[in-house]
file my_file.csv (CSV, C-alpha atoms)
chain,number,residue,atom,x,y,z
A,288,MET,CA,2.5,-7.4,-25.5
A,289,ALA,CA,3.4,-10.9,-24.3
A,290,ILE,CA,4.4,-11.9,-20.8
A,291,CYS,CA,6.5,-14.8,-19.6
A,292,THR,CA,7.4,-15.9,-16.1
A,293,SER,CA,10.5,-17.7,-14.9
A,294,LEU,CA,11.4,-18.9,-11.4
A,295,TYR,CA,12.9,-15.6,-10.3
A,296,SER,CA,11.5,-12.9,-12.7
A,297,THR,CA,8.6,-11.8,-14.9
A,298,CYS,CA,9.4,-10.6,-18.4
A,299,SER,CA,7.2,-8.5,-20.8
A,300,ILE,CA,7.8,-8.4,-24.6
A,301,SER,CA,6.8,-5.2,-26.3
A,302,THR,CA,8.1,-2.4,-28.6
A,303,PRO,CA,10.2,0.5,-27.2
A,304,SER,CA,8.4,3.4,-25.6
A,305,LYS,CA,8.9,6.1,-23.0
A,306,THR,CA,7.4,5.4,-19.6
A,307,HIS,CA,5.2,7.8,-17.6
A,308,LEU,CA,7.9,7.9,-14.8
A,309,GLY,CA,10.1,10.6,-16.4
A,310,PHE,CA,12.9,8.5,-17.9
A,311,HIS,CA,13.5,5.8,-20.5
A,312,GLN,CA,13.2,2.3,-19.0
A,313,LYS,CA,16.3,0.2,-19.3
A,314,GLN,CA,15.6,-2.4,-21.9
A,315,VAL,CA,17.3,-5.3,-23.6
A,316,VAL,CA,16.5,-5.4,-27.3
A,317,PHE,CA,16.5,-8.5,-29.5
A,318,TYR,CA,16.1,-8.3,-33.3
A,319,SER,CA,14.3,-11.1,-35.2
A,320,SER,CA,14.8,-11.3,-39.0
A,321,GLY,CA,12.0,-13.9,-39.3
A,322,ILE,CA,9.1,-11.4,-38.9
A,323,LYS,CA,8.5,-8.6,-41.3
A,324,LYS,CA,5.8,-6.1,-41.7
A,325,THR,CA,4.2,-5.2,-45.0
A,326,SER,CA,2.2,-2.1,-45.6
A,327,LYS,CA,-1.2,-2.0,-47.4
A,328,LYS,CA,0.6,-0.3,-50.3
A,329,GLY,CA,2.9,-3.3,-50.7
A,330,GLY,CA,6.0,-1.7,-49.3
A,331,GLY,CA,8.2,-4.0,-47.4
A,332,GLY,CA,9.0,-3.4,-43.8
A,333,GLY,CA,12.3,-4.0,-42.1
A,334,SER,CA,13.0,-6.2,-39.1
A,335,ARG,CA,10.9,-5.2,-36.1
A,336,PRO,CA,12.6,-4.9,-32.7
A,337,TYR,CA,11.2,-6.8,-29.7
A,338,VAL,CA,11.9,-5.3,-26.3
A,339,ILE,CA,12.2,-7.8,-23.4
A,340,THR,CA,12.0,-6.2,-20.0
A,341,CYS,CA,12.4,-8.4,-16.9
A,342,THR,CA,11.7,-7.4,-13.3
A,343,SER,CA,12.5,-9.4,-10.2
A,344,ASN,CA,9.8,-11.1,-8.3
A,345,SER,CA,11.4,-10.0,-5.0
A,346,GLN,CA,9.6,-6.7,-4.6
A,347,THR,CA,10.8,-3.8,-2.5
A,348,VAL,CA,9.2,-3.7,1.0
A,349,VAL,CA,7.6,-0.3,1.6
A,350,ILE,CA,7.3,1.2,5.1
A,351,GLY,CA,5.3,4.4,5.8
A,352,LEU,CA,6.1,6.9,8.6
A,353,ALA,CA,3.7,9.7,9.2
A,354,ALA,CA,4.2,12.7,11.5
A,355,ASP,CA,4.0,16.4,11.6
A,356,SER,CA,7.0,18.6,11.1
A,357,GLY,CA,9.5,18.5,14.0
A,358,CYS,CA,8.1,15.3,15.6
A,359,GLY,CA,11.2,13.1,15.5
A,360,LYS,CA,11.0,11.5,12.1
A,361,SER,CA,14.7,12.0,11.4
A,362,THR,CA,15.7,10.4,14.6
A,363,PHE,CA,13.4,7.5,14.0
A,364,MET,CA,14.9,7.0,10.5
A,365,ARG,CA,18.4,6.9,12.0
A,366,ARG,CA,17.4,4.3,14.5
A,367,LEU,CA,15.6,2.2,11.9
A,368,THR,CA,18.5,2.2,9.3
A,369,SER,CA,20.9,1.4,12.1
A,370,VAL,CA,19.0,-1.8,12.9
A,371,PHE,CA,19.6,-3.0,9.3
A,372,GLY,CA,23.3,-2.0,9.5
A,373,GLY,CA,25.2,0.9,7.9
A,374,ALA,CA,24.5,4.6,8.2
A,375,ALA,CA,22.1,6.2,5.8
A,376,GLU,CA,23.6,9.0,3.8
A,377,PRO,CA,22.5,11.4,1.0
A,378,PRO,CA,23.0,10.1,-2.6
A,379,LYS,CA,26.7,10.4,-3.5
A,380,GLY,CA,27.5,12.9,-6.2
A,381,GLY,CA,23.9,14.2,-6.2
A,382,ASN,CA,22.1,17.4,-5.2
A,383,PRO,CA,23.6,18.4,-1.8
A,384,ASP,CA,20.1,19.6,-0.8
A,385,SER,CA,18.6,16.2,-1.5
A,386,ASN,CA,16.2,14.9,1.2
A,387,THR,CA,16.9,11.2,0.3
A,388,LEU,CA,18.9,9.0,2.6
A,389,ILE,CA,20.5,5.7,1.3
A,390,SER,CA,22.1,2.8,3.1
A,391,ASP,CA,23.0,-0.7,2.0
A,392,THR,CA,19.5,-2.0,2.6
A,393,THR,CA,17.2,1.1,2.9
A,394,THR,CA,16.3,4.2,0.9
A,395,VAL,CA,14.4,6.9,2.8
A,396,ILE,CA,12.3,9.3,0.7
A,397,CYS,CA,10.9,12.5,2.2
A,398,LEU,CA,7.4,13.1,0.8
A,399,ASP,CA,8.0,16.8,0.8
A,400,ASP,CA,9.5,16.1,-2.6
A,401,TYR,CA,6.0,15.6,-3.9
A,402,HIS,CA,5.0,19.2,-3.2
A,403,SER,CA,3.3,20.5,-6.3
A,404,LEU,CA,3.7,24.1,-5.2
A,405,ASP,CA,7.0,25.7,-4.1
A,406,ARG,CA,7.1,28.1,-1.1
A,407,THR,CA,6.1,31.1,-3.2
A,408,GLY,CA,3.3,29.2,-4.9
A,409,ARG,CA,1.8,28.2,-1.6
A,410,LYS,CA,1.9,31.7,-0.3
A,411,GLU,CA,0.2,33.0,-3.5
A,412,LYS,CA,-2.6,30.4,-3.2
A,413,GLY,CA,-2.9,30.7,0.6
A,414,VAL,CA,-2.3,27.0,1.4
A,415,THR,CA,0.1,25.3,3.7
A,416,ALA,CA,2.3,22.3,2.8
A,417,LEU,CA,-0.1,20.1,4.8
A,418,ASP,CA,-3.0,20.9,2.4
A,419,PRO,CA,-3.5,18.1,-0.2
A,420,ARG,CA,-3.8,20.8,-2.9
A,421,ALA,CA,-0.1,21.5,-2.4
A,422,ASN,CA,0.9,18.0,-3.1
A,423,ASP,CA,1.0,15.7,-6.2
A,424,PHE,CA,-0.5,12.4,-5.0
A,425,ASP,CA,-0.8,11.0,-8.5
A,426,LEU,CA,3.0,11.2,-9.0
A,427,MET,CA,3.6,9.9,-5.4
A,428,TYR,CA,1.5,6.8,-6.0
A,429,GLU,CA,3.0,6.1,-9.5
A,430,GLN,CA,6.5,6.4,-8.3
A,431,VAL,CA,6.2,4.5,-5.0
A,432,LYS,CA,4.4,1.7,-7.0
A,433,ALA,CA,7.1,1.7,-9.6
A,434,ILE,CA,9.9,1.4,-7.0
A,435,LYS,CA,7.9,-1.4,-5.2
A,436,ASP,CA,7.7,-3.2,-8.6
A,437,GLY,CA,11.5,-2.9,-9.1
A,438,ILE,CA,11.5,0.0,-11.5
A,439,PRO,CA,13.8,3.1,-10.9
A,440,VAL,CA,12.2,6.5,-11.1
A,441,GLU,CA,13.3,10.2,-11.5
A,442,LYS,CA,11.9,11.6,-8.2
A,443,PRO,CA,11.5,15.4,-7.8
A,444,ILE,CA,13.4,17.2,-5.0
A,445,TYR,CA,11.9,19.9,-2.8
A,446,ASN,CA,14.7,22.2,-1.6
A,447,HIS,CA,14.0,23.1,2.0
A,448,VAL,CA,16.7,25.8,1.9
A,449,THR,CA,15.4,27.8,-1.1
A,450,GLY,CA,11.8,26.6,-1.0
A,451,LEU,CA,12.0,25.7,-4.7
A,452,LEU,CA,11.5,22.5,-6.6
A,453,ASP,CA,14.9,21.3,-7.9
A,454,PRO,CA,15.6,19.0,-10.8
A,455,PRO,CA,14.8,15.3,-10.1
A,456,GLU,CA,17.1,12.6,-8.9
A,457,LEU,CA,17.3,8.9,-9.9
A,458,ILE,CA,16.0,6.5,-7.2
A,459,LYS,CA,16.8,2.8,-7.7
A,460,PRO,CA,14.6,0.2,-6.0
A,461,PRO,CA,16.2,-0.8,-2.6
A,462,LYS,CA,15.3,-3.8,-0.4
A,463,ILE,CA,13.4,-1.5,1.9
A,464,LEU,CA,11.8,1.8,0.9
A,465,VAL,CA,10.7,4.1,3.7
A,466,ILE,CA,8.4,7.0,2.7
A,467,GLU,CA,8.3,9.5,5.5
A,468,GLY,CA,6.5,12.8,5.8
A,469,LEU,CA,3.1,14.4,6.2
A,470,HIS,CA,1.0,12.2,4.0
A,471,PRO,CA,2.1,8.6,3.6
A,472,MET,CA,-1.3,7.3,4.6
A,473,TYR,CA,-3.5,10.1,3.3
A,474,ASP,CA,-4.1,8.7,-0.3
A,475,SER,CA,-5.7,5.3,-0.2
A,476,ARG,CA,-3.7,4.2,-3.3
A,477,VAL,CA,-0.4,4.9,-1.5
A,478,ARG,CA,-1.7,3.5,1.7
A,479,ASP,CA,-2.4,0.1,0.0
A,480,LEU,CA,1.2,-0.1,-1.1
A,481,LEU,CA,2.5,0.0,2.4
A,482,ASP,CA,3.7,-3.3,4.0
A,483,PHE,CA,3.8,-1.6,7.4
A,484,SER,CA,2.9,1.9,8.7
A,485,ILE,CA,3.9,4.0,11.7
A,486,TYR,CA,2.5,7.2,13.1
A,487,LEU,CA,4.4,9.5,15.5
A,488,ASP,CA,1.7,11.2,17.6
A,489,ILE,CA,3.2,14.0,19.6
A,490,SER,CA,0.9,15.9,22.0
A,491,ASN,CA,0.6,19.7,21.4
A,492,GLU,CA,2.6,20.5,24.6
A,493,VAL,CA,5.5,18.3,23.7
A,494,LYS,CA,5.4,19.2,20.0
A,495,PHE,CA,5.7,22.9,20.9
A,496,ALA,CA,8.7,22.3,23.1
A,497,TRP,CA,10.4,20.1,20.4
A,498,LYS,CA,9.7,22.6,17.7
A,499,ILE,CA,11.1,25.5,19.7
A,500,GLN,CA,14.3,23.5,20.3
A,501,ARG,CA,14.7,22.5,16.7
A,502,ASP,CA,13.7,25.7,14.9
A,503,MET,CA,15.3,28.1,17.2
A,504,ALA,CA,18.6,26.2,17.7
A,505,GLU,CA,19.0,24.7,14.3
A,506,ARG,CA,17.2,27.0,11.9
A,507,GLY,CA,17.4,30.4,13.6
A,508,HIS,CA,13.7,31.1,13.9
A,509,SER,CA,12.3,33.4,16.5
A,510,LEU,CA,9.9,32.2,19.2
A,511,GLU,CA,7.1,34.5,17.7
A,512,SER,CA,7.5,33.0,14.2
A,513,ILE,CA,7.4,29.4,15.6
A,514,LYS,CA,4.2,30.2,17.5
A,515,ALA,CA,2.6,31.8,14.5
A,516,SER,CA,3.7,28.8,12.3
A,517,ILE,CA,2.1,26.3,14.7
A,518,GLU,CA,-1.2,28.2,14.9
A,519,ALA,CA,-1.3,28.6,11.1
A,520,ARG,CA,-0.7,24.9,10.5
A,521,LYS,CA,-3.1,23.5,13.2
A,522,PRO,CA,-6.4,23.5,11.2
A,523,ASP,CA,-4.7,21.7,8.3
A,524,PHE,CA,-2.9,19.3,10.7
A,525,ASP,CA,-6.2,18.4,12.4
A,526,ALA,CA,-7.9,18.0,9.0
A,527,TYR,CA,-5.3,16.1,6.9
A,528,ILE,CA,-2.4,14.8,9.1
A,529,ASP,CA,-3.8,13.7,12.4
A,530,PRO,CA,-6.6,11.4,10.9
A,531,GLN,CA,-3.9,9.2,9.3
A,532,LYS,CA,-3.1,7.6,12.7
A,533,GLN,CA,-6.3,5.5,12.4
A,534,TYR,CA,-4.7,3.6,9.6
A,535,ALA,CA,-1.3,3.0,11.2
A,536,ASP,CA,-0.2,-0.5,12.3
A,537,ALA,CA,1.8,1.1,15.2
A,538,VAL,CA,1.5,4.5,16.8
A,539,ILE,CA,4.1,6.0,19.1
A,540,GLU,CA,2.2,8.5,21.3
A,541,VAL,CA,4.3,11.1,23.3
A,542,LEU,CA,2.6,12.8,26.2
A,543,PRO,CA,3.5,14.9,29.3
A,544,THR,CA,4.4,12.8,32.3
A,545,GLN,CA,1.8,11.8,34.9
A,546,LEU,CA,4.5,11.2,37.5
A,547,ILE,CA,4.8,14.9,38.3
A,548,PRO,CA,1.5,16.6,39.1
A,549,GLY,CA,0.9,19.7,37.0
A,550,ASP,CA,4.2,19.3,35.1
A,551,ASN,CA,4.4,21.5,31.9
A,552,GLU,CA,8.1,21.6,31.2
A,553,GLY,CA,8.0,18.6,28.9
A,554,LYS,CA,11.4,17.2,30.1
A,555,VAL,CA,9.9,14.0,31.5
A,556,LEU,CA,7.7,12.1,29.0
A,557,ARG,CA,5.0,9.4,29.0
A,558,VAL,CA,5.3,7.4,25.8
A,559,ARG,CA,2.7,4.8,24.6
A,560,LEU,CA,3.4,2.2,21.9
A,561,ILE,CA,0.0,1.4,20.4
A,562,MET,CA,0.1,-1.8,18.3
A,563,LYS,CA,-2.8,-3.0,16.2
A,564,GLU,CA,-3.8,-6.6,16.6
A,565,GLY,CA,-4.3,-8.9,13.6
A,566,VAL,CA,-1.6,-7.3,11.3
A,567,GLU,CA,-0.1,-9.9,9.1
A,568,LEU,CA,3.5,-10.9,10.1
A,569,PHE,CA,3.4,-8.6,13.1
A,570,SER,CA,3.1,-9.7,16.7
A,571,PRO,CA,2.6,-7.0,19.3
A,572,VAL,CA,5.2,-6.7,22.1
A,573,TYR,CA,4.0,-7.6,25.6
A,574,LEU,CA,5.1,-7.2,29.2
A,575,PHE,CA,5.2,-10.3,31.4
A,576,ASP,CA,1.9,-11.9,30.4
A,577,GLU,CA,0.3,-11.5,26.9
A,578,GLY,CA,-3.2,-10.1,27.0
A,579,SER,CA,-3.1,-9.1,30.7
A,580,SER,CA,-3.3,-5.6,32.2
A,581,ILE,CA,-0.1,-4.9,34.1
A,582,SER,CA,1.2,-1.9,36.0
A,583,TRP,CA,4.9,-2.2,36.9
A,584,ILE,CA,7.3,0.1,38.8
A,585,PRO,CA,10.8,-1.5,38.3
A,586,CYS,CA,12.8,1.0,40.3
A,587,GLY,CA,14.8,-0.5,43.1
A,588,ARG,CA,17.7,-2.8,43.4
A,589,LYS,CA,17.7,-3.7,39.7
A,590,LEU,CA,17.2,-0.3,38.2
A,591,THR,CA,18.6,3.1,39.2
A,592,CYS,CA,15.8,5.7,39.2
A,593,SER,CA,16.0,9.3,40.4
A,594,TYR,CA,12.9,11.4,40.8
A,595,PRO,CA,10.2,11.0,39.6
A,596,GLY,CA,11.0,7.3,38.8
A,597,ILE,CA,9.8,5.0,36.1
A,598,LYS,CA,6.4,3.3,35.6
A,599,PHE,CA,5.4,0.8,32.9
A,600,PHE,CA,1.9,-0.2,31.8
A,601,TYR,CA,0.8,-2.9,29.4
A,602,GLY,CA,-2.7,-4.0,28.4
A,603,PRO,CA,-5.4,-4.3,25.7
A,604,ASP,CA,-7.4,-1.4,24.5
A,605,ALA,CA,-9.4,-0.1,21.6
A,606,TYR,CA,-8.1,2.5,19.1
A,607,PHE,CA,-10.4,3.9,16.3
A,608,GLY,CA,-12.4,0.8,16.5
A,609,HIS,CA,-9.5,-1.6,16.3
A,610,GLU,CA,-8.3,-4.0,19.0
A,611,VAL,CA,-4.8,-2.9,20.1
A,612,SER,CA,-2.1,-3.8,22.7
A,613,VAL,CA,-0.6,-0.8,24.5
A,614,LEU,CA,2.9,-0.7,26.1
A,615,GLU,CA,3.6,2.5,28.1
A,616,MET,CA,6.6,4.0,29.8
A,617,ASP,CA,6.5,7.1,32.0
A,618,GLY,CA,9.8,8.6,33.2
A,619,GLN,CA,13.4,8.2,32.1
A,620,PHE,CA,16.4,6.0,32.6
A,621,ASP,CA,19.4,7.1,34.7
A,622,ARG,CA,21.7,4.4,33.3
A,623,LEU,CA,21.1,2.9,29.8
A,624,ASP,CA,23.2,-0.1,30.6
A,625,GLU,CA,20.5,-1.1,33.1
A,626,LEU,CA,17.9,-1.2,30.4
A,627,ILE,CA,18.6,-4.8,29.9
A,628,TYR,CA,16.7,-5.6,33.1
A,629,VAL,CA,13.5,-4.1,31.5
A,630,GLU,CA,14.3,-5.8,28.1
A,631,SER,CA,14.4,-9.2,29.8
A,632,HIS,CA,10.8,-8.7,30.9
A,633,LEU,CA,9.5,-7.9,27.4
A,634,SER,CA,8.5,-10.5,24.9
A,635,ASN,CA,7.9,-10.5,21.1
A,636,ILE,CA,10.6,-7.8,20.6
A,637,SER,CA,12.1,-9.6,17.6
A,638,THR,CA,15.7,-9.4,18.8
A,639,LYS,CA,18.4,-11.8,17.3
A,640,PHE,CA,20.3,-12.1,20.6
A,641,TYR,CA,19.8,-11.3,24.3
A,642,GLY,CA,20.3,-7.6,25.0
A,643,GLU,CA,20.0,-6.3,21.4
A,644,VAL,CA,17.6,-3.6,22.4
A,645,THR,CA,20.0,-2.4,25.1
A,646,GLN,CA,22.9,-2.5,22.6
A,647,GLN,CA,21.1,-0.4,20.1
A,648,MET,CA,20.1,2.1,22.7
A,649,LEU,CA,23.7,2.4,24.0
A,650,LYS,CA,25.0,2.7,20.4
A,651,HIS,CA,22.9,5.8,19.9
A,652,SER,CA,22.9,7.2,23.4
A,653,ASP,CA,23.4,10.7,22.0
A,654,PHE,CA,20.1,10.5,19.9
A,655,PRO,CA,17.2,12.6,21.3
A,656,GLY,CA,14.9,10.4,23.5
A,657,SER,CA,17.5,7.8,24.3
A,658,ASN,CA,16.8,8.1,28.0
A,659,ASN,CA,13.0,7.6,27.7
A,660,GLY,CA,10.2,5.7,26.0
A,661,THR,CA,10.6,7.5,22.6
A,662,GLY,CA,14.0,6.0,22.0
A,663,LEU,CA,13.1,2.6,23.5
A,664,PHE,CA,9.9,2.2,21.4
A,665,GLN,CA,11.5,3.5,18.2
A,666,THR,CA,14.2,0.9,18.6
A,667,ILE,CA,11.7,-1.9,19.3
A,668,VAL,CA,9.6,-0.9,16.2
A,669,GLY,CA,12.8,-0.9,14.1
A,670,LEU,CA,13.5,-4.5,15.2
A,671,LYS,CA,9.9,-5.4,14.5
A,672,ILE,CA,10.2,-4.0,11.0
A,673,ARG,CA,13.4,-5.9,10.4
A,674,ASP,CA,11.6,-9.1,11.4
A,675,LEU,CA,8.6,-8.3,9.2
A,676,PHE,CA,11.0,-7.6,6.2
A,677,GLU,CA,12.7,-11.0,6.8
A,678,GLN,CA,9.4,-12.8,6.9
A,679,ILE,CA,8.2,-11.1,3.7
A,680,VAL,CA,11.5,-12.0,1.9
A,681,ALA,CA,11.2,-15.6,3.0
A,682,SER,CA,7.6,-15.8,2.0
A,683,ARG,CA,8.3,-14.4,-1.5
A,684,ALA,CA,11.3,-16.7,-2.0
A,685,LYS,CA,9.1,-19.7,-1.1
A,686,THR,CA,6.2,-18.7,-3.5
A,687,PRO,CA,8.0,-19.3,-6.9
A,688,VAL,CA,9.5,-22.6,-5.7
A,689,GLU,CA,6.1,-23.8,-4.7
A,690,ALA,CA,4.6,-22.7,-8.0
A,691,ALA,CA,7.3,-24.5,-9.9
A,692,LYS,CA,6.6,-27.7,-8.0
A,693,ALA,CA,2.9,-27.4,-8.7
call {"tool": "encode", "arguments": {"input": "my_file.csv", "output": "structure tokens"}}
result
Amino acid sequence: MAICTSLYSTCSISTPSKTHLGFHQKQVVFYSSGIKKTSKKGGGGGSRPYVITCTSNSQTVVIGLAADSGCGKSTFMRRLTSVFGGAAEPPKGGNPDSNTLISDTTTVICLDDYHSLDRTGRKEKGVTALDPRANDFDLMYEQVKAIKDGIPVEKPIYNHVTGLLDPPELIKPPKILVIEGLHPMYDSRVRDLLDFSIYLDISNEVKFAWKIQRDMAERGHSLESIKASIEARKPDFDAYIDPQKQYADAVIEVLPTQLIPGDNEGKVLRVRLIMKEGVELFSPVYLFDEGSSISWIPCGRKLTCSYPGIKFFYGPDAYFGHEVSVLEMDGQFDRLDELIYVESHLSNISTKFYGEVTQQMLKHSDFPGSNNGTGLFQTIVGLKIRDLFEQIVASRAKTPVEAAKA
């Protein structure tokens, strides 16, 4: 096989073959009458086809989002895709039970689609969906790598309604691929493909309250079955899911409030945005003065705050041996339009205009967490990912031009 490189693409020349990705690669075939093959017996061969396959040098940017079930991944995805413009929707004309969401810029893949065992199979083998043995990491790696390299794939579909594995769907390479689910950072091969990674770390108390709300209200589960499900999943969560947060570039940690002594209702939240230092193309957000330790209570004439009020904290810390910056918000907003006062005191938030964070929050005021730090920090991380994407695109566009000049 020969390889040639142009300013905007890389092309390989080979003979036709099936790929390992579950489909025939789209190929452009040129025939040359000047080259013939002769067998040892003297028989003349006909013209041999050459297959020229070209891929763009502008690779897909891959974002990983890890969290346990019921921890707000869907809401985060909606905020993220909104930052890039256009609502994310299921593939048109495809399986109505598809987990994939597609917008003009982004494609979101649910990693549940890489379950190697259906619901019945997991029960028979006595494993949960969190167990690596119930997932096909080889296929996950091969397909995420292919998409990043500009090659479409036939991705499986895990049907959450039936618990079965449905026929696959075609996924074309987008500008931004988000892989969300239980294990985006578990396999080191997949982890190395990520351009940026986020972990949603929900405390047990808050997770329980959220899961009850979702599974009882939306899925009709009983309180007893929810409790049993959480207890059954906890050992595997502690072993396989929770450790992934040490690899994340940003962690959104949701905890019970410290503003109400002994509070256990989970209605008021303390949310921490933990940002790893030294990540390429990513500058942590800071409050007032970068690198300082600051405690700030903004309630007063500029911000309407009912009991128990709002408190912010910013400062350096260590997280799994990494230097990090931490921005924390405890409490909730009474009026979202007043958020612009807080926004004006934050730096490195990667907005394109004054008040963009506030605008995004007001735009999705009906989303869960819009009155507290979960919505605020999800929005900010979305803006940071947009900035990172634009920097990566600019860097890749510059590379072939510089190479051509050299």
call {"tool": "closest_atom_pairs", "arguments": {"input": "my_file.csv", "of": "stretch 450-486 of chain A", "to": "stretch 377-381 of chain A", "cutoff": "12 Å", "atoms": "only C-alpha atoms", "output": "CSV"}}
result
residue,atom,partner,partner_atom,distance
A:Asp453,CA,A:Gly381,CA,11.6
A:Pro454,CA,A:Gly381,CA,10.6
A:Pro455,CA,A:Gly381,CA,10.0
A:Glu456,CA,A:Gly381,CA,7.5
A:Leu457,CA,A:Gly381,CA,9.2
A:Ile458,CA,A:Pro378,CA,9.1
A:Lys459,CA,A:Pro378,CA,10.9
call {"tool": "write_last_selection", "arguments": {"input": "my_file.csv", "atoms": "C-alpha atoms", "output": "PDB file, in the coordinates of the input"}}
result
ATOM      1  CA  ASP A 453      14.900  21.300  -7.900  1.00  0.00           C
ATOM      2  CA  PRO A 454      15.600  19.000 -10.800  1.00  0.00           C
ATOM      3  CA  PRO A 455      14.800  15.300 -10.100  1.00  0.00           C
ATOM      4  CA  GLU A 456      17.100  12.600  -8.900  1.00  0.00           C
ATOM      5  CA  LEU A 457      17.300   8.900  -9.900  1.00  0.00           C
ATOM      6  CA  ILE A 458      16.000   6.500  -7.200  1.00  0.00           C
ATOM      7  CA  LYS A 459      16.800   2.800  -7.700  1.00  0.00           C
TER       8      LYS A 459
END
call {"tool": "closest_residue", "arguments": {"input": "my_file.csv", "among": "A:Ile396, A:Met503, A:Ile463, A:Leu404", "to": "A:Lys442", "atoms": "all atoms listed in the file"}}
result
A:Ile396
call {"tool": "residues_around", "arguments": {"input": "my_file.csv", "residues": "stretch 646-660 of chain A", "least_positions_apart": "4", "cutoff": "7 Å", "atoms": "only C-alpha atoms", "output": "ChimeraX atom specification"}}
result
/A:362,558,616,618-620,623,642,664
call {"tool": "closest_residue", "arguments": {"input": "my_file.csv", "among": "A:Glu540, A:Ile438, A:Ala354, A:Glu492", "to": "A:Pro471", "atoms": "all atoms listed in the file"}}
result
A:Ala354
call {"tool": "closest_residue", "arguments": {"input": "my_file.csv", "among": "A:Asp523, A:Glu518, A:Asp400, A:Asp576", "to": "A:Leu452", "atoms": "all atoms listed in the file"}}
result
A:Asp400
call {"tool": "atom_distance", "arguments": {"input": "my_file.csv", "atom1": "atom CA of A:Phe363", "atom2": "atom CA of A:Pro461"}}
result
18.8 Å
call {"tool": "closest_residue", "arguments": {"input": "my_file.csv", "among": "A:Val414, A:Met472, A:Val668, A:Cys358", "to": "A:Asn491", "atoms": "only C-alpha atoms"}}
result
A:Cys358
call {"tool": "residues_around", "arguments": {"input": "my_file.csv", "residues": "A:Tyr606", "least_positions_apart": "5", "cutoff": "9 Å", "atoms": "all atoms listed in the file", "output": "count of residues only"}}
result
4
call {"tool": "atom_distance", "arguments": {"input": "my_file.csv", "atom1": "atom CA of A:Glu511", "atom2": "atom CA of A:Ala496"}}
result
13.4 Å
call {"tool": "closest_residue", "arguments": {"input": "my_file.csv", "among": "A:Leu469, A:Leu590, A:Val613, A:Ile444", "to": "A:Ala526", "atoms": "all atoms listed in the file"}}
result
A:Leu469
